[in-house]
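Take a look at the structure set out below.
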Amino acid sequence: MIYLKEIKVDIKKRDGILYVTDNAETAQALQREGKAVLIYLHRGNAGQDFSRFLFAVEDPEELEPAYAERVYRRLQGLPWNILETPRCLIRETTTADVEDFYRIYSHPAITKYMEGLYPEVEQEKQYVREYIEKVYTFYGFGVWTVVEKESGAVIGRAGLSYREGFEDPELGFIIGVPWQRRGYAWEVCRAILGYAAAVLEFTKVQALVETENTASLKLCEKLGFYRDSRVVLNGKKYDLLFAAGLSPNRPFP
């Protein structure tokens with residue numbers, strides 16, 4: 001007997017349907033129709049081929065609504081909403097954000113201490129597509145988009161990522177020049193550190209800041225980072241910092 005269940009998912013005040021099934025043929029048929037499909041794995045279907053499906057569950061009756069929503073969003077190409085602060089929404093990046101990124105990065109102050117975007121817009125969009133597929137889907141976190149809730153404007157990027165050659169996740173952030181000096185960076189980064197501890201269960205987060213970038217160093221100090229050492233990467237000097245007191249009790253909105 002084939003197991004097939006429909007789960008309603010509330011997406012922006014409209015319902016989406018996540019289909020849960022234990023049958024490979026049924027799942028493939030639904031997938032061909034563009035449906036979001038979650039596989040129910042059990043002993044009875046151990047010999048079936050579910051290799052083309054990203055998500056599976058062993059007890060569909062205990063499926064949490066938040067997880068069902070995130071599975072639906074991933075399979076339908078919708079960004080995950082990560083968290084909110086009093087003034088900002090932090091969500092996954094989409095290709096629609098790229099035009100806003102180019103406007104933010106066009107100010108010389110932004111690229112003074114960080115790498116710029118690809119020369120062509122389509123190159124950056126392709127990078128975002130691959131980032132969603134390979135980073136968000138695999139790790140469940142990454143560098144996200146920061147949206148000002150009141151205006152709906154994309155004002156920057158912030159999040160967590162792994163840097164080659166380092167063991168610990170790294171906090172990264174950028175707020176566009178028109179929104180700087182308003183406390184947005186502190187508000188967003190403080191929330192992300194709380195999320196890192198309480199949700200992702202990280203006990204240690206690093207930051208790597210160029211030694212001449214005094215504004216970012218002061219912000220990191222305010223966030224509770226301490227200087228560990230100085231490193232040289234590609235001919236540039238950086239301060240390696242670590243967040244102090246990172247624990248599940250660290251507050252985040």
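Note on naming: chains are A, B, ... as they come in the structure tokens, residues start from 1 per chain, ligands start from 1 in the order shown.
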Fewer than 5 positions away in the same chain doesn't count, so skip those; otherwise give me all residues within 12 Å of Lys125 of chain A, counting only C-alpha atoms, as a list in words. Thr93, Thr94, Thr95, Ala96, Asp97, Val98, Glu99, Asp100, Phe101, Tyr102, Leu117, Tyr118, Pro119, Glu120, Glu130, Tyr131 and Ile132 of chain A
Sorted per-residue table, segment 112-180 of chain A near segment 54-75 of chain A, closest atoms and distance, 12 Å, only C-alpha atoms, as CSV:
residue,atom,partner,partner_atom,distance
A:Ile132,CA,A:Arg74,CA,8.9
A:Glu133,CA,A:Arg74,CA,9.1
A:Lys134,CA,A:Leu54,CA,11.8
A:Tyr136,CA,A:Arg74,CA,9.1
A:Thr137,CA,A:Arg74,CA,7.7
A:Phe138,CA,A:Leu54,CA,9.9
A:Gly140,CA,A:Arg70,CA,10.1
Neighbouring residues of segment 192-204 of chain A were defined as those with any atom within 12 Å, considering only C-alpha atoms; residues of the same chain fewer than 2 positions away were excluded. Please report them as a PyMOL selection string. chain A and resi 82-85+88-91+139-144+146+157-161+167-173+185-190+206-207+220+223-226+241-253
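The list of residues with at least one atom within 9 Å of segment 108-114 of chain A, based on only C-alpha atoms and without residues fewer than 3 positions apart in the same chain, reads Ile104, Tyr105, Ile174, Ile175, Gly176, Val177, Val209, Glu210, Glu212 and Asn213 of chain A.
Ranking A:Gly156, A:Gly34, A:Gly44, A:Gly77 by their shortest atom-to-atom distance to Met1 of chain A, with only C-alpha atoms included, puts A:Gly44 first.
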Segment 35-218 of chain A: residues DSSP assigns to alpha helix (DSSP H), reported as a ChimeraX atom specification: /A:65-75,98-105,121-131,137-139,184-198,214-218
Since we have the selection now, will you write its residues out, keeping C-alpha atoms, as an mmCIF file, in the first residue's frame?
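That gives us again24.cif:
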data_model
loop_
_atom_site.group_PDB
_atom_site.id
_atom_site.type_symbol
_atom_site.label_atom_id
_atom_site.label_comp_id
_atom_site.auth_asym_id
_atom_site.auth_seq_id
_atom_site.Cartn_x
_atom_site.Cartn_y
_atom_site.Cartn_z
ATOM 1 C CA PRO A 65 5.583 22.601 10.654
ATOM 2 C CA ALA A 66 8.762 24.727 10.574
ATOM 3 C CA TYR A 67 10.737 21.894 8.995
ATOM 4 C CA ALA A 68 7.938 21.182 6.489
ATOM 5 C CA GLU A 69 7.943 24.840 5.475
ATOM 6 C CA ARG A 70 11.714 24.886 4.971
ATOM 7 C CA VAL A 71 11.621 21.708 2.877
ATOM 8 C CA TYR A 72 8.839 23.174 0.746
ATOM 9 C CA ARG A 73 10.716 26.451 0.315
ATOM 10 C CA ARG A 74 13.945 24.710 -0.711
ATOM 11 C CA LEU A 75 12.219 22.454 -3.237
ATOM 12 C CA VAL A 98 21.874 40.697 -7.201
ATOM 13 C CA GLU A 99 20.895 44.052 -8.726
ATOM 14 C CA ASP A 100 20.712 45.510 -5.207
ATOM 15 C CA PHE A 101 24.130 44.049 -4.392
ATOM 16 C CA TYR A 102 25.688 45.855 -7.355
ATOM 17 C CA ARG A 103 24.251 49.151 -6.117
ATOM 18 C CA ILE A 104 25.626 48.513 -2.616
ATOM 19 C CA TYR A 105 29.049 47.426 -3.862
ATOM 20 C CA VAL A 121 25.551 40.440 -13.493
ATOM 21 C CA GLU A 122 24.784 37.012 -14.952
ATOM 22 C CA GLN A 123 28.037 35.651 -13.502
ATOM 23 C CA GLU A 124 26.966 36.800 -10.043
ATOM 24 C CA LYS A 125 23.503 35.324 -10.485
ATOM 25 C CA GLN A 126 25.009 31.989 -11.469
ATOM 26 C CA TYR A 127 27.206 32.151 -8.376
ATOM 27 C CA VAL A 128 24.088 32.728 -6.248
ATOM 28 C CA ARG A 129 22.314 29.764 -7.871
ATOM 29 C CA GLU A 130 25.252 27.494 -7.092
ATOM 30 C CA TYR A 131 25.537 28.918 -3.583
ATOM 31 C CA THR A 137 21.278 23.077 1.008
ATOM 32 C CA PHE A 138 24.348 21.270 2.362
ATOM 33 C CA TYR A 139 25.145 23.355 5.454
ATOM 34 C CA TYR A 184 22.151 48.033 11.741
ATOM 35 C CA ALA A 185 25.406 46.057 11.648
ATOM 36 C CA TRP A 186 25.453 45.573 15.429
ATOM 37 C CA GLU A 187 21.758 44.662 15.497
ATOM 38 C CA VAL A 188 22.083 42.095 12.718
ATOM 39 C CA CYS A 189 25.399 40.563 13.803
ATOM 40 C CA ARG A 190 24.295 40.279 17.426
ATOM 41 C CA ALA A 191 21.209 38.353 16.281
ATOM 42 C CA ILE A 192 23.274 36.086 14.021
ATOM 43 C CA LEU A 193 25.655 35.220 16.861
ATOM 44 C CA GLY A 194 22.677 34.329 19.024
ATOM 45 C CA TYR A 195 21.281 32.174 16.214
ATOM 46 C CA ALA A 196 24.681 30.524 15.760
ATOM 47 C CA ALA A 197 24.704 29.489 19.398
ATOM 48 C CA ALA A 198 21.056 28.626 20.022
ATOM 49 C CA THR A 214 38.990 50.150 12.508
ATOM 50 C CA ALA A 215 35.210 50.430 12.133
ATOM 51 C CA SER A 216 34.746 46.668 11.822
ATOM 52 C CA LEU A 217 37.236 46.001 14.621
ATOM 53 C CA LYS A 218 35.296 48.310 16.949
#
